[in-house]
>>> print(open('target-v8.pdb').read())   # PDB, C-alpha atoms
ATOM      1  CA  MET A 184       0.000   0.000   0.000
ATOM      2  CA  PHE A 185       2.744   2.440   0.967
ATOM      3  CA  GLN A 186       5.228   1.153  -1.581
ATOM      4  CA  ILE A 187       7.888   3.842  -1.739
ATOM      5  CA  ASP A 188      10.195   4.350  -4.667
ATOM      6  CA  VAL A 189      12.563   7.244  -4.145
ATOM      7  CA  THR A 190      11.939   9.625  -6.998
ATOM      8  CA  GLY A 191      12.299  13.356  -7.302
ATOM      9  CA  GLU A 192       8.634  13.775  -6.438
ATOM     10  CA  PHE A 193       9.023  11.701  -3.304
ATOM     11  CA  ALA A 194      12.086  13.666  -2.188
ATOM     12  CA  ALA A 195      10.292  16.967  -2.726
ATOM     13  CA  PHE A 196       7.198  15.622  -0.955
ATOM     14  CA  PHE A 197       9.359  14.560   1.990
ATOM     15  CA  ILE A 198      11.051  17.956   2.278
ATOM     16  CA  PHE A 199       7.823  19.932   2.001
ATOM     17  CA  SER A 200       5.968  17.714   4.446
ATOM     18  CA  ALA A 201       8.866  18.005   6.930
ATOM     19  CA  ILE A 202       8.642  21.800   6.656
ATOM     20  CA  MET A 203       4.878  21.754   7.127
ATOM     21  CA  ILE A 204       4.775  19.383  10.080
ATOM     22  CA  CYS A 205       7.654  21.219  11.805
ATOM     23  CA  GLY A 206       5.839  24.518  11.294
ATOM     24  CA  ALA A 207       2.564  23.149  12.636
ATOM     25  CA  VAL A 208       4.172  21.562  15.698
ATOM     26  CA  LEU A 209       6.137  24.754  16.380
ATOM     27  CA  MET A 210       2.870  26.687  16.109
ATOM     28  CA  ILE A 211       1.503  24.511  18.889
ATOM     29  CA  SER A 212       4.565  24.658  21.132
ATOM     30  CA  LEU A 213       5.959  28.196  20.821
ATOM     31  CA  VAL A 214       5.011  30.741  23.479
ATOM     32  CA  LYS A 215       4.902  34.093  21.709
ATOM     33  CA  VAL A 216       2.022  34.704  19.361
ATOM     34  CA  VAL A 217       4.128  36.411  16.673
ATOM     35  CA  HIS A 218       6.458  33.404  16.572
ATOM     36  CA  MET A 219       3.435  31.114  16.172
ATOM     37  CA  LEU A 220       2.320  33.248  13.253
ATOM     38  CA  LEU A 221       5.733  33.008  11.576
ATOM     39  CA  SER A 222       5.755  29.228  11.864
ATOM     40  CA  MET A 223       2.286  29.153  10.332
ATOM     41  CA  ALA A 224       3.671  31.163   7.402
ATOM     42  CA  ALA A 225       6.178  28.327   6.915
ATOM     43  CA  VAL A 226       3.272  25.867   6.799
ATOM     44  CA  PHE A 227       1.469  27.983   4.201
ATOM     45  CA  LEU A 228       4.577  28.223   1.993
ATOM     46  CA  GLY A 229       5.204  24.490   2.306
ATOM     47  CA  LEU A 230       1.642  23.824   1.224
ATOM     48  CA  ALA A 231       2.175  26.064  -1.813
ATOM     49  CA  GLY A 232       5.166  23.909  -2.723
ATOM     50  CA  MET A 233       2.974  20.831  -2.309
ATOM     51  CA  PHE A 234       0.462  22.320  -4.748
ATOM     52  CA  VAL A 235       3.221  22.858  -7.316
ATOM     53  CA  LEU A 236       4.123  19.200  -6.820
ATOM     54  CA  LEU A 237       0.496  18.287  -7.569
ATOM     55  CA  GLU A 238       0.548  20.280 -10.842
ATOM     56  CA  ALA A 239      -1.739  22.982  -9.454
ATOM     57  CA  GLU A 240       0.402  26.004 -10.172
ATOM     58  CA  PHE A 241      -2.412  28.534 -10.070
ATOM     59  CA  VAL A 242      -3.677  27.259  -6.720
ATOM     60  CA  ALA A 243      -0.095  27.402  -5.415
ATOM     61  CA  PHE A 244       0.190  31.024  -6.458
ATOM     62  CA  VAL A 245      -3.170  31.849  -4.887
ATOM     63  CA  GLN A 246      -2.017  30.069  -1.730
ATOM     64  CA  VAL A 247       1.086  32.250  -1.473
ATOM     65  CA  LEU A 248      -0.907  35.381  -2.257
ATOM     66  CA  ILE A 249      -3.889  34.775   0.025
ATOM     67  CA  TYR A 250      -2.498  32.754   2.910
ATOM     68  CA  ALA A 251       1.194  33.635   3.174
ATOM     69  CA  GLY A 252       0.358  37.220   2.213
ATOM     70  CA  ALA A 253      -3.102  38.368   3.151
ATOM     71  CA  VAL A 254      -4.174  36.084   5.985
ATOM     72  CA  SER A 255      -0.811  36.280   7.766
ATOM     73  CA  ILE A 256      -0.812  40.084   7.581
ATOM     74  CA  LEU A 257      -4.424  40.153   8.750
ATOM     75  CA  MET A 258      -3.535  38.005  11.743
ATOM     76  CA  ILE A 259      -0.551  40.245  12.511
ATOM     77  CA  PHE A 260      -2.928  43.199  12.488
ATOM     78  CA  GLY A 261      -5.235  41.247  14.779
ATOM     79  CA  ILE A 262      -2.380  40.604  17.215
ATOM     80  CA  MET A 263      -1.126  44.181  17.079
ATOM     81  CA  MET A 264      -4.580  45.669  17.632
ATOM     82  CA  THR A 265      -5.319  43.378  20.558
ATOM     83  CA  ASN A 266      -2.765  42.317  23.134
ATOM     84  CA  HIS A 267       0.575  41.894  21.428
ATOM     85  CA  GLN A 268       2.525  41.423  24.666
ATOM     86  CA  HIS A 269       0.533  38.305  25.283
ATOM     87  CA  VAL A 270       2.494  35.176  26.242
ATOM     88  CA  GLU A 271       0.726  31.850  26.585
ATOM     89  CA  ARG A 272       0.593  30.995  30.267
ATOM     90  CA  GLU A 273       1.841  27.653  31.503
ATOM     91  CA  LYS A 274      -0.547  24.719  31.592
ATOM     92  CA  ALA A 275      -3.625  25.920  33.354
ATOM     93  CA  LYS A 276      -5.905  22.973  32.670
ATOM     94  CA  PRO A 277      -3.992  19.714  32.228
ATOM     95  CA  LEU A 278      -7.181  17.654  32.029
ATOM     96  CA  HIS A 279      -8.555  19.835  29.266
ATOM     97  CA  GLU A 280      -5.310  19.560  27.275
ATOM     98  CA  ALA A 281      -5.099  15.815  27.762
ATOM     99  CA  LEU A 282      -8.684  15.374  26.591
ATOM    100  CA  ALA A 283      -8.012  17.526  23.529
ATOM    101  CA  ALA A 284      -4.874  15.512  22.722
ATOM    102  CA  VAL A 285      -6.786  12.243  23.078
ATOM    103  CA  ALA A 286      -9.536  13.543  20.799
ATOM    104  CA  ALA A 287      -7.063  14.669  18.136
ATOM    105  CA  LEU A 288      -5.109  11.400  18.335
ATOM    106  CA  CYS A 289      -8.322   9.347  18.112
ATOM    107  CA  LEU A 290      -9.383  11.288  15.032
ATOM    108  CA  PHE A 291      -5.966  10.762  13.482
ATOM    109  CA  GLY A 292      -6.012   7.047  14.256
ATOM    110  CA  PHE A 293      -9.462   6.736  12.721
ATOM    111  CA  ILE A 294      -8.493   8.566   9.526
ATOM    112  CA  PHE A 295      -5.169   6.721   9.284
ATOM    113  CA  TYR A 296      -6.918   3.373   9.641
ATOM    114  CA  ALA A 297      -9.386   4.373   6.932
ATOM    115  CA  ILE A 298      -6.554   5.424   4.594
ATOM    116  CA  ARG A 299      -4.566   2.252   5.234
ATOM    117  CA  SER A 300      -7.492  -0.091   4.737
ATOM    118  CA  THR A 301      -8.688   1.470   1.484
ATOM    119  CA  THR A 302      -7.327   0.271  -1.833
ATOM    120  CA  PHE A 303      -7.174   3.287  -4.074
ATOM    121  CA  PRO A 304      -7.828   2.533  -7.739
ATOM    122  CA  GLU A 305      -5.181   3.424 -10.253
ATOM    123  CA  PRO A 306      -5.733   7.078 -11.246
ATOM    124  CA  GLY A 307      -6.583   7.958 -14.798
ATOM    125  CA  PRO A 308      -4.416  10.291 -16.834
ATOM    126  CA  PHE A 309      -4.383  13.803 -15.415
ATOM    127  CA  ASP A 310      -4.436  16.713 -17.813
ATOM    128  CA  ALA A 311      -3.697  20.007 -16.097
ATOM    129  CA  GLY A 312      -3.936  21.809 -19.423
ATOM    130  CA  GLU A 313      -0.816  23.183 -21.057
ATOM    131  CA  ASP A 314      -1.736  26.448 -19.371
ATOM    132  CA  ASN A 315      -3.099  25.662 -15.937
ATOM    133  CA  THR A 316      -4.339  29.195 -15.280
ATOM    134  CA  MET A 317      -6.202  29.383 -18.578
ATOM    135  CA  ALA A 318      -7.815  25.970 -18.042
ATOM    136  CA  ILE A 319      -8.998  26.995 -14.571
ATOM    137  CA  GLY A 320     -10.269  30.330 -15.869
ATOM    138  CA  GLU A 321     -12.250  28.669 -18.643
ATOM    139  CA  LEU A 322     -13.779  26.178 -16.216
ATOM    140  CA  LEU A 323     -14.573  28.964 -13.748
ATOM    141  CA  TYR A 324     -16.413  31.036 -16.345
ATOM    142  CA  THR A 325     -18.313  28.154 -17.964
ATOM    143  CA  GLY A 326     -19.262  25.370 -15.567
ATOM    144  CA  TYR A 327     -18.884  27.212 -12.271
ATOM    145  CA  VAL A 328     -20.010  30.716 -13.143
ATOM    146  CA  ILE A 329     -22.941  30.785 -10.678
ATOM    147  CA  PRO A 330     -20.901  29.666  -7.622
ATOM    148  CA  PHE A 331     -18.223  32.110  -8.723
ATOM    149  CA  GLU A 332     -20.654  35.032  -8.751
ATOM    150  CA  LEU A 333     -22.192  33.939  -5.444
ATOM    151  CA  LEU A 334     -18.700  33.858  -3.988
ATOM    152  CA  SER A 335     -18.035  37.415  -5.108
ATOM    153  CA  VAL A 336     -21.254  38.509  -3.383
ATOM    154  CA  LEU A 337     -20.177  36.611  -0.251
ATOM    155  CA  LEU A 338     -16.784  38.322  -0.262
ATOM    156  CA  THR A 339     -18.333  41.761  -0.631
ATOM    157  CA  VAL A 340     -20.792  41.135   2.193
ATOM    158  CA  ALA A 341     -18.087  39.652   4.433
ATOM    159  CA  PHE A 342     -15.657  42.508   3.985
ATOM    160  CA  ILE A 343     -18.283  45.219   4.436
ATOM    161  CA  GLY A 344     -19.380  43.370   7.566
ATOM    162  CA  ALA A 345     -15.788  43.168   8.791
ATOM    163  CA  ILE A 346     -15.304  46.913   8.333
ATOM    164  CA  LEU A 347     -18.567  47.661  10.135
ATOM    165  CA  LEU A 348     -17.674  45.337  13.017
ATOM    166  CA  ALA A 349     -14.159  46.642  13.558
ATOM    167  CA  ARG A 350     -14.961  50.326  13.119
ATOM    168  CA  LYS A 351     -14.861  52.516  16.191
ATOM    169  CA  GLU A 352     -18.257  53.709  17.322
ATOM    170  CA  ALA A 353     -18.516  57.401  16.501
ATOM    171  CA  GLU A 354     -19.902  59.067  19.572
TER     172      GLU A 354
ATOM    173  CA  MET B 199       1.423   8.623  -3.753
ATOM    174  CA  LEU B 200      -2.187   9.447  -2.829
ATOM    175  CA  PRO B 201      -2.115   7.785   0.652
ATOM    176  CA  SER B 202       0.958   9.846   1.575
ATOM    177  CA  TYR B 203      -0.826  13.075   0.746
ATOM    178  CA  LEU B 204      -3.936  11.977   2.621
ATOM    179  CA  THR B 205      -1.877  11.036   5.684
ATOM    180  CA  LEU B 206      -0.077  14.374   5.657
ATOM    181  CA  ALA B 207      -3.417  16.168   5.438
ATOM    182  CA  ALA B 208      -4.746  14.085   8.340
ATOM    183  CA  ILE B 209      -1.699  14.990  10.464
ATOM    184  CA  LEU B 210      -2.137  18.685   9.707
ATOM    185  CA  PHE B 211      -5.871  18.524  10.412
ATOM    186  CA  CYS B 212      -5.336  16.847  13.773
ATOM    187  CA  ILE B 213      -2.647  19.348  14.804
ATOM    188  CA  GLY B 214      -5.053  22.127  13.843
ATOM    189  CA  LEU B 215      -7.847  20.504  15.831
ATOM    190  CA  TYR B 216      -5.608  20.185  18.886
ATOM    191  CA  GLY B 217      -4.553  23.827  18.585
ATOM    192  CA  ALA B 218      -8.150  25.000  18.193
ATOM    193  CA  LEU B 219      -9.168  23.058  21.308
ATOM    194  CA  VAL B 220      -6.208  23.967  23.522
ATOM    195  CA  LYS B 221      -4.958  27.454  22.640
ATOM    196  CA  ARG B 222      -6.314  30.310  24.714
ATOM    197  CA  ASN B 223      -5.413  33.248  22.495
ATOM    198  CA  ALA B 224      -8.301  33.689  20.077
ATOM    199  CA  VAL B 225      -6.042  34.796  17.208
ATOM    200  CA  ILE B 226      -4.164  31.503  17.460
ATOM    201  CA  VAL B 227      -7.455  29.602  17.483
ATOM    202  CA  LEU B 228      -8.326  31.328  14.210
ATOM    203  CA  LEU B 229      -4.899  30.322  12.849
ATOM    204  CA  SER B 230      -5.548  26.717  13.839
ATOM    205  CA  LEU B 231      -8.833  26.842  11.936
ATOM    206  CA  GLU B 232      -6.889  28.065   8.896
ATOM    207  CA  LEU B 233      -4.542  25.106   9.319
ATOM    208  CA  MET B 234      -7.489  22.691   9.249
ATOM    209  CA  LEU B 235      -8.887  24.361   6.131
ATOM    210  CA  ASN B 236      -5.456  24.082   4.509
ATOM    211  CA  ALA B 237      -5.399  20.361   5.205
ATOM    212  CA  VAL B 238      -8.750  20.027   3.449
ATOM    213  CA  ASN B 239      -7.390  21.987   0.471
ATOM    214  CA  LEU B 240      -4.465  19.585   0.234
ATOM    215  CA  ASN B 241      -6.922  16.676   0.089
ATOM    216  CA  LEU B 242      -8.957  18.348  -2.646
ATOM    217  CA  VAL B 243      -5.941  19.062  -4.831
ATOM    218  CA  ALA B 244      -4.453  15.606  -4.216
ATOM    219  CA  PHE B 245      -7.685  13.969  -5.344
ATOM    220  CA  SER B 246      -7.796  16.247  -8.370
ATOM    221  CA  LYS B 247      -4.547  14.664  -9.520
ATOM    222  CA  TYR B 248      -4.655  11.111  -8.134
ATOM    223  CA  GLY B 249      -8.402  10.488  -7.871
ATOM    224  CA  VAL B 250     -10.308   7.932  -9.940
ATOM    225  CA  VAL B 251     -11.335  10.566 -12.478
ATOM    226  CA  PRO B 252      -8.638  13.254 -12.320
ATOM    227  CA  SER B 253      -9.852  16.663 -13.369
ATOM    228  CA  LEU B 254      -9.426  20.322 -12.551
ATOM    229  CA  THR B 255     -12.624  20.379 -10.466
ATOM    230  CA  GLY B 256     -10.719  19.714  -7.242
ATOM    231  CA  GLN B 257      -8.530  22.733  -7.872
ATOM    232  CA  ILE B 258     -11.620  24.880  -8.494
ATOM    233  CA  PHE B 259     -13.115  23.637  -5.224
ATOM    234  CA  SER B 260      -9.913  24.450  -3.370
ATOM    235  CA  LEU B 261     -10.006  27.969  -4.820
ATOM    236  CA  PHE B 262     -13.547  28.351  -3.465
ATOM    237  CA  THR B 263     -12.415  27.073  -0.059
ATOM    238  CA  ILE B 264      -9.505  29.519   0.011
ATOM    239  CA  THR B 265     -11.892  32.390  -0.738
ATOM    240  CA  VAL B 266     -14.340  31.419   1.979
ATOM    241  CA  ALA B 267     -11.450  30.942   4.422
ATOM    242  CA  ALA B 268     -10.186  34.439   3.651
ATOM    243  CA  ALA B 269     -13.647  35.887   4.322
ATOM    244  CA  GLU B 270     -13.834  33.857   7.542
ATOM    245  CA  ALA B 271     -10.447  35.140   8.709
ATOM    246  CA  ALA B 272     -11.441  38.759   8.036
ATOM    247  CA  ILE B 273     -14.731  38.414   9.926
ATOM    248  CA  GLY B 274     -13.018  36.558  12.767
ATOM    249  CA  VAL B 275     -10.363  39.223  13.251
ATOM    250  CA  ALA B 276     -13.003  41.966  13.083
ATOM    251  CA  ILE B 277     -15.088  40.252  15.764
ATOM    252  CA  LEU B 278     -11.961  39.825  17.881
ATOM    253  CA  ILE B 279     -11.104  43.509  17.631
ATOM    254  CA  ALA B 280     -14.656  44.477  18.594
ATOM    255  CA  LEU B 281     -14.584  42.046  21.531
ATOM    256  CA  PHE B 282     -11.182  43.313  22.639
ATOM    257  CA  ARG B 283     -12.503  46.853  22.658
ATOM    258  CA  LEU B 284     -15.461  45.735  24.730
ATOM    259  CA  ARG B 285     -13.743  43.391  27.198
ATOM    260  CA  GLY B 286     -10.035  44.223  27.058
ATOM    261  CA  THR B 287      -8.925  40.629  26.513
ATOM    262  CA  VAL B 288      -8.575  38.060  23.737
ATOM    263  CA  LYS B 289      -8.515  34.961  25.931
ATOM    264  CA  ILE B 290     -11.292  32.709  24.771
ATOM    265  CA  ASP B 291     -12.067  31.266  28.186
ATOM    266  CA  GLU B 292     -13.034  34.729  29.397
ATOM    267  CA  PHE B 293     -15.736  35.062  26.739
ATOM    268  CA  ASP B 294     -18.309  33.066  28.664
ATOM    269  CA  GLU B 295     -21.473  35.199  28.692
ATOM    270  CA  MET B 296     -23.487  32.474  26.980
ATOM    271  CA  ARG B 297     -22.599  29.962  29.695
ATOM    272  CA  ARG B 298     -24.117  31.847  32.604
TER     273      ARG B 298
END
>>> encode(input="target-v8.pdb", output="structure tokens")
Amino acid sequence: MFQIDVTGEFAAFFIFSAIMICGAVLMISLVKVVHMLLSMAAVFLGLAGMFVLLEAEFVAFVQVLIYAGAVSILMIFGIMMTNHQHVEREKAKPLHEALAAVAALCLFGFIFYAIRSTTFPEPGPFDAGEDNTMAIGELLYTGYVIPFELLSVLLTVAFIGAILLARKEAE
Amino acid sequence: MLPSYLTLAAILFCIGLYGALVKRNAVIVLLSLELMLNAVNLNLVAFSKYGVVPSLTGQIFSLFTITVAAAEAAIGVAILIALFRLRGTVKIDEFDEMRR
């Protein structure tokens, strides 16, 4: 099932997944919030590399732009505008943390068992289009035009709502 | 190659779940949610290449997820800033009006 032949793709997968898992674990274990945010940026960039590996160049670019750029900066603004001296206190509720760890490990065991016990059929040929961006654009404006427009409405509503929520009350 | 990607996504999702359950700074909880959404994106794109019928649809779906996640992050940070102005803290265990 996990037959491993060391190819370039496998080596790149290994490196990127090491970066991502290290970043995620550091995010959990670091104490300062800004450091947590930086390690999350490493996870986002590693995921962009993973997308390139999966022949999804446009999604990789969007990942860098939206996550490593916009969402990280947004979170930095969130930290700066709230309590940026904040340091995570030492373990306040060990029972709570242990229960959370057990829940996460149980979920992982369940998913891992499901992955191991499934035989995945041989994939068909994948055609990313000779121009990935153009292929995605064509699909977006033909088959998925209604979800696309709904999404633009959602974004407008969400960002107007965000501005209204975060604005200072004028008194 | 598909099981490796799925396992990596499961690891990331579980780390995100643990962070969302344990962390007390609300900004970090939002970041953990983003991590879980990222894991789902990885699954979508992996299936779009290695699934039974590979097509670009998985990539389109992941683009939609990224958009909704960006909107969610913006709203979340805005709510946090409003709450911080009201209560002077961003610790999630001090936001317990609904419990009393």
>>> resolve_selection(input="target-v8.pdb", expression="the PyMOL selection byres ((chain B) within 6 of (chain A))", output="PDB file with C-alpha atoms, in the coordinates of the input")
ATOM      1  CA  CYS B 212      -5.336  16.847  13.773  1.00  0.00           C
ATOM      2  CA  TYR B 216      -5.608  20.185  18.886  1.00  0.00           C
ATOM      3  CA  VAL B 220      -6.208  23.967  23.522  1.00  0.00           C
ATOM      4  CA  LYS B 247      -4.547  14.664  -9.520  1.00  0.00           C
ATOM      5  CA  TYR B 248      -4.655  11.111  -8.134  1.00  0.00           C
ATOM      6  CA  GLY B 249      -8.402  10.488  -7.871  1.00  0.00           C
ATOM      7  CA  VAL B 250     -10.308   7.932  -9.940  1.00  0.00           C
ATOM      8  CA  VAL B 251     -11.335  10.566 -12.478  1.00  0.00           C
ATOM      9  CA  PRO B 252      -8.638  13.254 -12.320  1.00  0.00           C
ATOM     10  CA  ALA B 269     -13.647  35.887   4.322  1.00  0.00           C
ATOM     11  CA  ILE B 273     -14.731  38.414   9.926  1.00  0.00           C
ATOM     12  CA  VAL B 275     -10.363  39.223  13.251  1.00  0.00           C
ATOM     13  CA  ALA B 276     -13.003  41.966  13.083  1.00  0.00           C
ATOM     14  CA  ILE B 279     -11.104  43.509  17.631  1.00  0.00           C
ATOM     15  CA  ALA B 280     -14.656  44.477  18.594  1.00  0.00           C
TER      16      ALA B 280
END
>>> residues_around(input="target-v8.pdb", residues="Thr263 of chain B", least_positions_apart="4", cutoff="10 Å", atoms="only C-alpha atoms", output="tab-separated table (two decimals) with C-alpha atoms, keeping the file's coordinate frame")
chain	number	residue	atom	x	y	z
B	235	LEU	CA	-8.89	24.36	6.13
B	236	ASN	CA	-5.46	24.08	4.51
B	238	VAL	CA	-8.75	20.03	3.45
B	239	ASN	CA	-7.39	21.99	0.47
B	242	LEU	CA	-8.96	18.35	-2.65
B	257	GLN	CA	-8.53	22.73	-7.87
B	258	ILE	CA	-11.62	24.88	-8.49
B	259	PHE	CA	-13.12	23.64	-5.22
B	267	ALA	CA	-11.45	30.94	4.42
B	268	ALA	CA	-10.19	34.44	3.65
B	269	ALA	CA	-13.65	35.89	4.32
>>> closest_residue(input="target-v8.pdb", among="B:Leu278, B:Ala237, B:Ala271, B:Leu254", to="Phe211 of chain B", atoms="only C-alpha atoms")
B:Ala237
>>> atom_distance(input="target-v8.pdb", atom1="atom CA of Thr190 of chain A", atom2="atom CA of Thr255 of chain B")
27.0 Å
>>> closest_residue(input="target-v8.pdb", among="B:Met234, B:Leu228, B:Leu200, B:Leu284", to="Ile213 of chain B", atoms="all atoms listed in the file")
B:Met234
